[in-house]
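As stored in protein.tsv (TSV, C-alpha atoms):
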chain	number	residue	atom	x	y	z
L	1	LEU	CA	-74.51	124.84	194.12
L	2	THR	CA	-77.94	125.21	195.70
L	3	THR	CA	-79.17	122.05	193.93
L	4	TRP	CA	-76.22	120.00	195.15
L	5	MET	CA	-76.30	121.28	198.75
L	6	PHE	CA	-80.00	121.27	199.51
L	7	PHE	CA	-81.83	119.17	196.94
L	8	GLY	CA	-79.64	116.08	196.74
L	9	ARG	CA	-82.12	114.13	198.87
L	10	GLY	CA	-85.01	115.32	196.76
L	11	ILE	CA	-87.57	117.99	197.52
L	12	VAL	CA	-89.48	117.80	200.75
L	13	PRO	CA	-92.77	115.98	200.04
L	14	LYS	CA	-95.87	117.84	201.07
L	15	VAL	CA	-98.68	116.15	202.98
L	16	ALA	CA	-102.02	117.50	201.81
L	17	TYR	CA	-103.52	117.54	205.30
L	18	GLU	CA	-102.94	119.52	208.47
L	19	GLU	CA	-103.50	118.62	212.09
L	20	GLY	CA	-107.12	119.10	213.08
L	21	GLN	CA	-108.58	118.25	209.67
L	22	THR	CA	-110.52	115.07	208.85
L	23	ILE	CA	-109.51	112.52	206.21
L	24	PRO	CA	-112.31	112.65	203.59
L	25	VAL	CA	-111.60	109.29	201.89
L	26	THR	CA	-109.74	106.15	202.92
L	27	ILE	CA	-106.05	106.23	201.96
L	28	GLU	CA	-104.38	102.92	201.07
L	29	ALA	CA	-100.70	102.12	201.34
L	30	GLN	CA	-99.03	101.87	197.94
L	31	ILE	CA	-95.95	100.12	199.28
L	32	ASP	CA	-94.88	98.11	202.33
L	33	PHE	CA	-93.40	100.39	204.98
L	34	SER	CA	-92.95	100.78	208.72
L	35	CYS	CA	-93.68	103.85	210.80
L	36	ARG	CA	-92.95	104.79	214.38
L	37	ASN	CA	-95.96	104.63	216.67
L	38	ILE	CA	-95.70	107.87	218.63
L	39	GLN	CA	-97.88	106.86	221.59
L	40	ASP	CA	-96.42	103.36	222.02
L	41	SER	CA	-92.88	104.67	221.59
L	42	LYS	CA	-93.52	107.27	224.28
L	43	LEU	CA	-94.87	104.53	226.54
L	44	ALA	CA	-91.80	102.38	225.82
L	45	ARG	CA	-89.51	105.27	226.77
L	46	GLN	CA	-91.47	105.78	229.99
L	47	GLN	CA	-91.31	102.08	230.84
L	48	ALA	CA	-87.56	102.04	230.18
L	49	ALA	CA	-87.11	105.04	232.47
L	50	ASP	CA	-89.29	103.47	235.18
L	51	SER	CA	-87.23	100.27	235.08
L	52	VAL	CA	-84.13	102.19	236.18
L	53	PRO	CA	-83.34	101.60	239.86
L	54	LEU	CA	-83.51	104.47	242.32
L	55	PHE	CA	-80.02	105.65	243.23
L	56	PHE	CA	-79.16	106.08	246.90
L	57	LYS	CA	-76.00	106.97	248.78
L	58	MET	CA	-75.19	105.20	252.04
L	59	GLU	CA	-73.40	106.96	254.88
L	60	ALA	CA	-71.11	104.30	256.36
L	61	ALA	CA	-70.30	106.38	259.46
L	62	SER	CA	-73.88	106.14	260.77
L	63	ARG	CA	-73.60	102.42	261.39
L	64	GLN	CA	-70.25	102.81	263.09
L	65	ARG	CA	-71.59	105.50	265.43
L	66	ALA	CA	-74.60	103.38	266.42
L	67	PHE	CA	-72.43	100.29	266.84
L	68	THR	CA	-69.80	102.09	268.94
L	69	LYS	CA	-72.27	103.80	271.29
L	70	THR	CA	-74.35	100.67	271.87
L	71	GLN	CA	-71.20	98.66	272.49
L	72	ALA	CA	-70.04	101.26	275.02
L	73	VAL	CA	-73.37	101.09	276.88
L	74	PHE	CA	-73.18	97.31	277.28
L	75	ASP	CA	-69.49	97.42	278.17
L	76	ARG	CA	-70.31	99.91	280.93
L	77	LEU	CA	-73.22	97.75	282.04
L	78	GLN	CA	-70.88	94.74	282.34
L	79	GLN	CA	-68.41	96.80	284.37
L	80	ILE	CA	-71.17	97.84	286.76
L	81	ALA	CA	-72.43	94.27	287.12
L	82	ALA	CA	-68.90	93.01	287.82
L	83	ALA	CA	-68.15	95.73	290.42
L	84	PRO	CA	-68.51	95.10	294.14
L	85	ALA	CA	-71.97	95.90	295.52
L	86	GLU	CA	-70.75	98.98	297.41
L	87	GLU	CA	-69.31	100.50	294.17
L	88	ARG	CA	-72.24	99.85	291.84
L	89	THR	CA	-74.15	102.98	292.81
L	90	SER	CA	-71.20	105.27	292.11
L	91	ARG	CA	-70.40	103.53	288.84
L	92	ALA	CA	-74.03	103.68	287.75
L	93	VAL	CA	-73.71	107.46	287.57
L	94	SER	CA	-71.18	107.04	284.74
L	95	LEU	CA	-73.90	105.40	282.62
L	96	ASN	CA	-75.84	108.66	282.52
L	97	ASP	CA	-73.54	110.20	279.93
L	98	LEU	CA	-73.93	107.26	277.55
L	99	LEU	CA	-77.72	107.19	277.89
L	100	LEU	CA	-78.09	110.94	277.48
L	101	GLY	CA	-80.80	111.75	274.94
L	102	SER	CA	-82.24	108.23	274.92
L	103	ASP	CA	-85.03	108.76	277.49
L	104	VAL	CA	-83.73	105.67	279.30
L	105	ASP	CA	-83.46	105.69	283.10
L	106	PRO	CA	-79.98	104.37	284.03
L	107	ALA	CA	-81.19	102.69	287.23
L	108	ALA	CA	-84.01	100.93	285.40
L	109	PHE	CA	-81.61	99.87	282.68
L	110	ILE	CA	-79.18	98.33	285.18
L	111	GLN	CA	-81.96	96.58	287.05
L	112	ALA	CA	-83.53	95.15	283.87
L	113	PHE	CA	-80.39	93.26	282.81
L	114	PRO	CA	-79.12	90.54	285.16
L	115	THR	CA	-75.45	89.69	284.89
L	116	ASN	CA	-76.06	86.49	282.93
L	117	SER	CA	-78.16	88.25	280.25
L	118	ILE	CA	-75.81	91.16	279.42
L	119	ALA	CA	-73.39	89.30	277.12
L	120	PRO	CA	-75.98	87.46	274.98
L	121	THR	CA	-78.15	90.58	274.68
L	122	ARG	CA	-75.10	92.62	273.74
L	123	GLN	CA	-74.21	90.13	271.00
L	124	LEU	CA	-77.80	90.03	269.72
L	125	ILE	CA	-78.19	93.82	269.56
L	126	LEU	CA	-74.79	94.53	267.97
L	127	SER	CA	-75.36	91.84	265.37
L	128	GLY	CA	-78.79	93.30	264.64
L	129	ILE	CA	-77.39	96.81	264.21
L	130	ARG	CA	-74.80	95.51	261.78
L	131	ASP	CA	-77.30	93.53	259.70
L	132	VAL	CA	-80.03	96.16	259.54
L	133	MET	CA	-77.83	99.17	258.87
L	134	ASP	CA	-75.75	97.31	256.28
L	135	ILE	CA	-78.93	96.91	254.27
L	136	GLY	CA	-79.91	100.53	254.88
L	137	VAL	CA	-82.21	102.70	256.95
L	138	MET	CA	-84.43	105.23	255.19
L	139	SER	CA	-86.49	108.11	256.50
L	140	ASP	CA	-90.23	107.50	256.84
L	141	GLU	CA	-91.01	110.26	254.36
L	142	THR	CA	-88.69	108.92	251.64
L	143	ARG	CA	-89.78	105.33	252.17
L	144	GLU	CA	-93.49	106.21	251.98
L	145	THR	CA	-92.91	108.27	248.84
L	146	PHE	CA	-91.29	105.45	246.89
L	147	SER	CA	-93.30	102.61	248.46
L	148	GLY	CA	-96.42	104.25	247.07
L	149	GLU	CA	-95.04	103.83	243.55
L	150	SER	CA	-93.97	100.20	243.95
L	151	PRO	CA	-92.83	98.36	247.09
L	152	ASP	CA	-90.73	96.03	244.92
L	153	ARG	CA	-88.80	98.90	243.30
L	154	THR	CA	-85.10	98.18	242.88
L	155	LEU	CA	-82.55	100.44	244.55
L	156	SER	CA	-78.93	100.98	243.56
L	157	ILE	CA	-76.95	101.77	246.71
L	158	THR	CA	-73.45	103.23	246.67
L	159	THR	CA	-71.43	103.19	249.89
L	160	ALA	CA	-68.48	105.28	248.67
L	161	PRO	CA	-67.39	107.04	245.44
L	162	GLY	CA	-65.72	104.63	243.07
L	163	THR	CA	-67.06	101.50	244.76
L	164	PRO	CA	-69.43	99.14	242.97
L	165	ALA	CA	-73.09	99.75	243.73
L	166	ARG	CA	-75.27	96.98	245.10
L	167	THR	CA	-78.93	96.42	244.39
L	168	GLU	CA	-81.61	96.05	246.99
L	169	ILE	CA	-85.39	95.74	246.98
L	170	LEU	CA	-87.23	98.70	248.50
L	171	SER	CA	-89.39	96.45	250.66
L	172	ASN	CA	-86.22	95.20	252.39
L	173	ILE	CA	-85.28	98.72	253.44
L	174	LYS	CA	-86.59	99.70	256.84
L	175	SER	CA	-87.49	103.00	258.36
L	176	ARG	CA	-85.83	104.08	261.58
L	177	ARG	CA	-88.66	102.75	263.75
L	178	GLN	CA	-88.87	99.50	261.78
L	179	ALA	CA	-85.12	99.02	262.10
L	180	VAL	CA	-85.33	99.29	265.89
L	181	TRP	CA	-88.19	96.80	266.04
L	182	ALA	CA	-86.34	94.37	263.76
L	183	ILE	CA	-83.33	94.44	266.08
L	184	THR	CA	-85.21	94.02	269.37
L	185	GLU	CA	-87.94	91.61	268.27
L	186	GLN	CA	-85.90	88.60	269.45
L	187	VAL	CA	-85.60	89.99	272.98
L	188	THR	CA	-88.16	88.01	274.94
L	189	ASP	CA	-88.25	90.11	278.11
L	190	GLU	CA	-90.74	92.94	277.57
L	191	THR	CA	-89.04	95.34	279.99
L	192	GLN	CA	-85.67	94.83	278.31
L	193	ARG	CA	-87.23	95.22	274.87
L	194	ASN	CA	-88.90	98.53	275.78
L	195	LEU	CA	-85.67	99.94	277.20
L	196	LEU	CA	-83.67	98.78	274.18
L	197	ASP	CA	-86.24	100.35	271.84
L	198	LYS	CA	-85.64	103.73	273.49
L	199	LEU	CA	-81.88	103.27	273.42
L	200	LEU	CA	-81.66	102.18	269.81
L	201	PHE	CA	-84.04	104.85	268.58
L	202	SER	CA	-81.58	107.42	269.89
L	203	VAL	CA	-78.50	105.86	268.25
L	204	ILE	CA	-79.81	104.54	264.92
L	205	ALA	CA	-80.06	107.17	262.20
L	206	ASP	CA	-81.12	107.20	258.56
L	207	ASN	CA	-78.10	106.26	256.48
L	208	LEU	CA	-79.63	106.32	252.98
L	209	SER	CA	-80.06	109.54	251.02
L	210	TYR	CA	-81.78	109.73	247.64
L	211	ASP	CA	-79.49	110.73	244.74
L	212	SER	CA	-81.95	112.48	242.43
L	213	ILE	CA	-79.28	113.64	239.96
L	214	ALA	CA	-77.86	110.16	239.33
L	215	THR	CA	-81.37	108.71	239.10
L	216	GLU	CA	-82.56	111.26	236.53
L	217	GLU	CA	-79.41	110.84	234.44
L	218	ALA	CA	-79.91	107.08	234.37
L	219	ARG	CA	-83.60	107.49	233.49
L	220	GLU	CA	-82.77	109.81	230.61
L	221	LYS	CA	-80.15	107.40	229.25
L	222	ALA	CA	-82.57	104.48	229.50
L	223	ALA	CA	-85.30	106.44	227.74
L	224	GLU	CA	-82.93	107.47	224.95
L	225	ALA	CA	-81.78	103.87	224.49
L	226	ALA	CA	-85.34	102.53	224.24
L	227	GLU	CA	-86.14	101.21	220.79
L	228	PRO	CA	-89.06	102.98	219.06
L	229	VAL	CA	-92.20	100.91	218.60
L	230	MET	CA	-92.84	100.45	214.89
L	231	GLU	CA	-96.12	99.72	213.13
L	232	PHE	CA	-96.03	97.84	209.83
L	233	HIS	CA	-98.33	98.77	206.95
L	234	PRO	CA	-98.43	96.30	204.04
L	235	ALA	CA	-99.22	97.49	200.54
L	236	ARG	CA	-102.85	97.67	199.40
L	237	THR	CA	-104.19	97.88	202.94
L	238	PRO	CA	-105.98	100.90	204.47
L	239	LEU	CA	-103.45	103.39	205.79
L	240	VAL	CA	-105.90	105.94	207.18
L	241	ALA	CA	-109.65	105.38	207.23
L	242	ALA	CA	-112.12	107.98	206.03
L	243	GLY	CA	-113.34	110.26	208.81
L	244	THR	CA	-110.16	109.86	210.87
L	245	PRO	CA	-109.11	113.13	212.56
L	246	VAL	CA	-105.63	114.20	211.50
L	247	ASP	CA	-103.21	114.13	214.43
L	248	GLN	CA	-99.44	113.82	214.74
L	249	GLN	CA	-99.58	110.04	214.25
L	250	VAL	CA	-101.61	110.33	211.04
L	251	LEU	CA	-99.30	113.04	209.67
L	252	LEU	CA	-96.21	110.96	210.49
L	253	ARG	CA	-97.78	107.90	208.84
L	254	LEU	CA	-98.53	109.85	205.66
L	255	GLN	CA	-95.08	111.47	205.62
L	256	LYS	CA	-93.29	108.13	206.01
L	257	HIS	CA	-95.49	106.64	203.32
L	258	ILE	CA	-94.54	109.37	200.85
L	259	GLU	CA	-90.89	109.14	201.89
L	260	LYS	CA	-90.85	105.37	201.36
L	261	ILE	CA	-92.39	105.76	197.93
L	262	ARG	CA	-89.75	108.31	196.97
L	263	ASP	CA	-86.91	106.18	198.34
L	264	SER	CA	-88.12	103.16	196.39
L	265	ARG	CA	-87.68	104.91	193.05
L	266	ASP	CA	-84.83	103.83	190.82
L	267	ILE	CA	-81.76	105.99	190.32
L	268	GLY	CA	-83.02	107.27	186.98
L	269	GLU	CA	-86.15	108.81	188.51
L	270	GLN	CA	-84.10	110.41	191.27
L	271	ILE	CA	-81.66	111.91	188.78
L	272	THR	CA	-84.60	113.18	186.74
L	273	GLU	CA	-86.11	114.88	189.78
L	274	ILE	CA	-82.80	116.49	190.78
L	275	THR	CA	-82.26	117.63	187.17
L	276	GLY	CA	-85.77	119.07	187.08
L	277	ASN	CA	-85.14	120.94	190.31
L	278	GLY	CA	-81.85	122.20	188.92
L	279	ILE	CA	-83.56	123.51	185.78
L	280	LEU	CA	-86.20	125.27	187.87
L	281	LEU	CA	-83.51	126.85	190.00
L	282	LEU	CA	-81.57	127.84	186.91
L	283	VAL	CA	-84.64	129.60	185.54
L	284	GLY	CA	-85.08	131.39	188.84
L	285	LEU	CA	-81.39	132.33	188.88
L	286	ILE	CA	-81.59	133.71	185.34
L	287	ALA	CA	-84.64	135.78	186.30
L	288	THR	CA	-82.77	137.03	189.37
L	289	ALA	CA	-79.77	137.98	187.23
L	290	VAL	CA	-82.06	139.89	184.86
L	291	PHE	CA	-83.64	141.78	187.78
L	292	LEU	CA	-80.22	142.50	189.21
L	293	ARG	CA	-78.97	143.72	185.82
L	294	VAL	CA	-81.87	146.15	185.58
L	295	ASN	CA	-81.64	147.43	189.19
L	296	LYS	CA	-77.95	147.11	190.06
L	297	GLY	CA	-76.14	146.42	186.82
L	298	GLN	CA	-72.72	147.17	188.27
L	299	TYR	CA	-73.03	144.28	190.78
L	300	ILE	CA	-72.95	141.72	187.95
L	301	ARG	CA	-69.24	142.47	187.41
L	302	GLN	CA	-68.28	142.73	191.10
L	303	ILE	CA	-67.32	139.33	192.47
L	304	ASP	CA	-67.34	140.48	196.09
L	305	LYS	CA	-70.92	141.75	195.81
L	306	LEU	CA	-72.07	138.49	194.17
L	307	LEU	CA	-70.35	136.41	196.88
L	308	LEU	CA	-72.03	138.50	199.58
L	309	MET	CA	-75.43	137.96	197.96
L	310	MET	CA	-74.74	134.22	197.77
L	311	LEU	CA	-73.82	134.06	201.45
L	312	LEU	CA	-76.93	136.02	202.41
L	313	SER	CA	-79.10	133.68	200.35
L	314	LEU	CA	-77.67	130.69	202.20
L	315	ILE	CA	-79.11	132.09	205.45
L	316	THR	CA	-82.65	131.64	204.15
L	317	ILE	CA	-82.18	128.51	202.04
L	318	GLY	CA	-80.02	126.76	204.65
L	319	THR	CA	-82.53	127.48	207.42
L	320	ALA	CA	-85.36	126.25	205.18
L	321	SER	CA	-83.49	122.99	204.57
L	322	ILE	CA	-82.84	122.45	208.29
L	323	LEU	CA	-86.44	123.22	209.28
L	324	SER	CA	-87.85	120.92	206.61
L	325	TYR	CA	-85.49	118.13	207.71
L	326	LEU	CA	-86.54	118.47	211.36
L	327	SER	CA	-90.19	118.56	210.34
L	328	PHE	CA	-90.28	115.68	207.86
L	329	HIS	CA	-87.66	113.27	209.23
L	330	HIS	CA	-88.06	113.87	212.97
L	331	SER	CA	-91.56	115.41	213.32
L	332	LEU	CA	-90.15	118.07	215.66
L	333	ILE	CA	-91.93	120.89	213.84
L	334	ALA	CA	-95.44	120.88	212.40
L	335	GLN	CA	-95.19	120.85	208.61
L	336	SER	CA	-97.73	123.65	208.34
L	337	LEU	CA	-95.40	125.93	210.33
L	338	VAL	CA	-92.23	125.41	208.26
L	339	SER	CA	-93.07	128.10	205.70
L	340	TYR	CA	-93.74	130.62	208.46
L	341	LEU	CA	-90.55	129.85	210.40
L	342	ILE	CA	-88.18	130.44	207.49
L	343	PRO	CA	-86.45	133.82	208.09
L	344	HIS	CA	-87.13	135.30	204.64
L	345	ALA	CA	-86.90	138.89	205.88
L	346	LEU	CA	-83.51	138.50	207.60
L	347	ALA	CA	-81.43	138.03	204.46
L	348	VAL	CA	-83.45	140.69	202.62
L	349	LEU	CA	-82.98	143.16	205.46
L	350	LEU	CA	-79.23	142.55	205.57
L	351	ALA	CA	-79.03	142.89	201.79
L	352	GLY	CA	-80.92	146.18	201.97
L	353	ILE	CA	-78.44	147.51	204.54
L	354	LEU	CA	-75.28	146.24	202.85
L	355	LEU	CA	-76.15	146.35	199.14
L	356	GLY	CA	-79.17	148.61	198.72
L	357	GLY	CA	-82.88	148.19	198.01
L	358	GLY	CA	-82.58	146.87	194.47
L	359	ALA	CA	-80.23	144.05	195.45
L	360	ALA	CA	-82.50	143.21	198.41
L	361	ILE	CA	-85.51	142.79	196.10
L	362	CYS	CA	-83.51	140.51	193.78
L	363	LEU	CA	-82.24	138.45	196.73
L	364	GLY	CA	-85.77	138.15	198.17
L	365	PHE	CA	-87.07	136.83	194.85
L	366	TRP	CA	-84.29	134.27	194.55
L	367	THR	CA	-84.54	132.89	198.11
L	368	SER	CA	-88.35	132.72	197.96
L	369	PHE	CA	-88.20	130.89	194.64
L	370	ALA	CA	-85.57	128.40	195.89
L	371	CYS	CA	-87.53	127.71	199.10
L	372	ALA	CA	-90.71	127.16	197.11
L	373	VAL	CA	-88.95	124.52	195.01
L	374	LEU	CA	-87.51	122.88	198.13
L	375	LEU	CA	-90.97	122.67	199.73
L	376	ASP	CA	-92.50	120.79	196.82
L	377	GLN	CA	-93.24	123.83	194.66
L	378	SER	CA	-95.12	125.49	197.51
L	379	PHE	CA	-96.79	128.69	196.29
L	380	SER	CA	-97.32	129.87	199.89
L	381	ALA	CA	-93.58	129.63	200.55
L	382	PHE	CA	-92.89	131.72	197.43
L	383	VAL	CA	-95.39	134.40	198.47
L	384	LEU	CA	-93.93	134.59	202.00

Serialized structure, structure tokens:
Amino acid sequence: LTTWMFFGRGIVPKVAYEEGQTIPVTIEAQIDFSCRNIQDSKLARQQAADSVPLFFKMEAASRQRAFTKTQAVFDRLQQIAAAPAEERTSRAVSLNDLLLGSDVDPAAFIQAFPTNSIAPTRQLILSGIRDVMDIGVMSDETRETFSGESPDRTLSITTAPGTPARTEILSNIKSRRQAVWAITEQVTDETQRNLLDKLLFSVIADNLSYDSIATEEAREKAAEAAEPVMEFHPARTPLVAAGTPVDQQVLLRLQKHIEKIRDSRDIGEQITEITGNGILLLVGLIATAVFLRVNKGQYIRQIDKLLLMMLLSLITIGTASILSYLSFHHSLIAQSLVSYLIPHALAVLLAGILLGGGAAICLGFWTSFACAVLLDQSFSAFVL
């Protein structure tokens, strides 16, 4: 059962080096194989994440508020200009409420716009508000933050939940002050332009907010989808040169080399290895049965006790198989640490509590022996 469950893929090959050591002699590849380049793959993941647009949400109501208030100011200005001369002073007072908070003097505003210039200026300003705020207005702080990374960064802007997002270049997005200047730059009269700058700065607001959650989710998906960068090593070429310090890349290269060699064997060699492992495990099981017979002879005839010992042994052997898989196939755990991370004492402790000291010793021998076989006949794993 143990052979079939945990050794069907063959024992875990052991690399003779550990991180921090130095390769004494040049190692050549015995077979063509490819290996993931850790550094380049990490860079590819980072580049894929950086290519994701920044996600922003647009508040549609901001444009409508700016449009409505500006329109009301010019409508009131037209009413004042069209009123008889004796009524203009009294009607001018009503402009105060609309200009409140804009630092614009109502009298100066009325005087700056002759009757014939109100309508065209109104049309120019309202059209500018619509165009600029439809693209988006961003706070100075946010714009400076992302402009420092790349002024040509792509943005994905959503106006409402469920609506398709549109893309925009960061350099096209204006800050509040830049938006005002973009709207009033076509006003030729300097006095009018200065008054309109004050008015618009009070009505135009930032309508883009950064969606950090959506951006990070998209970056993570892009990074996960990035293809790993592979390095090809043809047979009979240097795999690792002498004097090379052993790091994660060297260990991965050696592990994949051994794995490729093992995978290239014919079915007969694989069956022979599995049979050999099975014989070793059978010898260990017989020795365990002998120890159990001497210490706890009555357990040999009690099926429930034997099943409990089997389940307890699976805690250690199963964990060893998982750790070795994560270490060898995914390089998530340093190979030198696998033997120390296997919870040998847990199953033994539980056996001592549930079955007694003799059964615990027998179980400890069996699990240590099986783990040693799994880890390429590792003596250190057997001792632990």

(Q) Residues within 10 Å of Ala351 of chain L, please, as a PyMOL selection string. Count all atoms listed in the file; anything in the same chain fewer than 5 positions from it doesn't count. (A) chain L and resi 308-309+312-313+345-346+356-364

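Among the candidate residues L:Ser41, L:Ser209, L:Ala226, L:Tyr17, the one lying nearest to Ser156 of chain L is L:Ser209, with distances computed using all atoms listed in the file.
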
Q. Restricting the calculation to only C-alpha atoms, which member of L:Glu59, L:Asp97, L:Glu259, L:Asp134 is positioned closest to Ser34 of chain L?
A. L:Glu259

(Q) As an exercise, work out the distance from atom CA of Thr154 of chain L to atom CA of Glu224 of chain L in Å and give it to one decimal place. (A) 20.3 Å

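With distances taken over all atoms listed in the file, L:Ala119 is the one residue among L:Ala242, L:Leu354, L:Ala107, L:Ala119 lying closest to Asp75 of chain L.
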
Q) Residues at most 6 Å from Thr22 of chain L, counting all atoms listed in the file, excluding those fewer than 4 positions away in the same chain, as a VMD selection string? A) chain L and resid 243 to 246

Q: Considering all atoms listed in the file, state which residue in the set L:Ser62, L:Asn277, L:Leu77, L:Glu19 is at the smallest distance from Ile333 of chain L.
A: L:Glu19

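Closest approach to Leu306 of chain L from the set L:Val187, L:Ala320, L:Ala218, L:Leu355 is made by L:Leu355, with distances taken over all atoms listed in the file.
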
Q) Skipping near chain neighbours, those fewer than 2 positions away, what residues fall within 12 Å of segment 144-148 of chain L using only C-alpha atoms, listed as a PyMOL selection string? A) chain L and resi 53-55+138-142+150-155+169-175+210

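Between atom CA of Ile303 of chain L and atom CA of Leu280 of chain L lies a distance of 24.0 Å.
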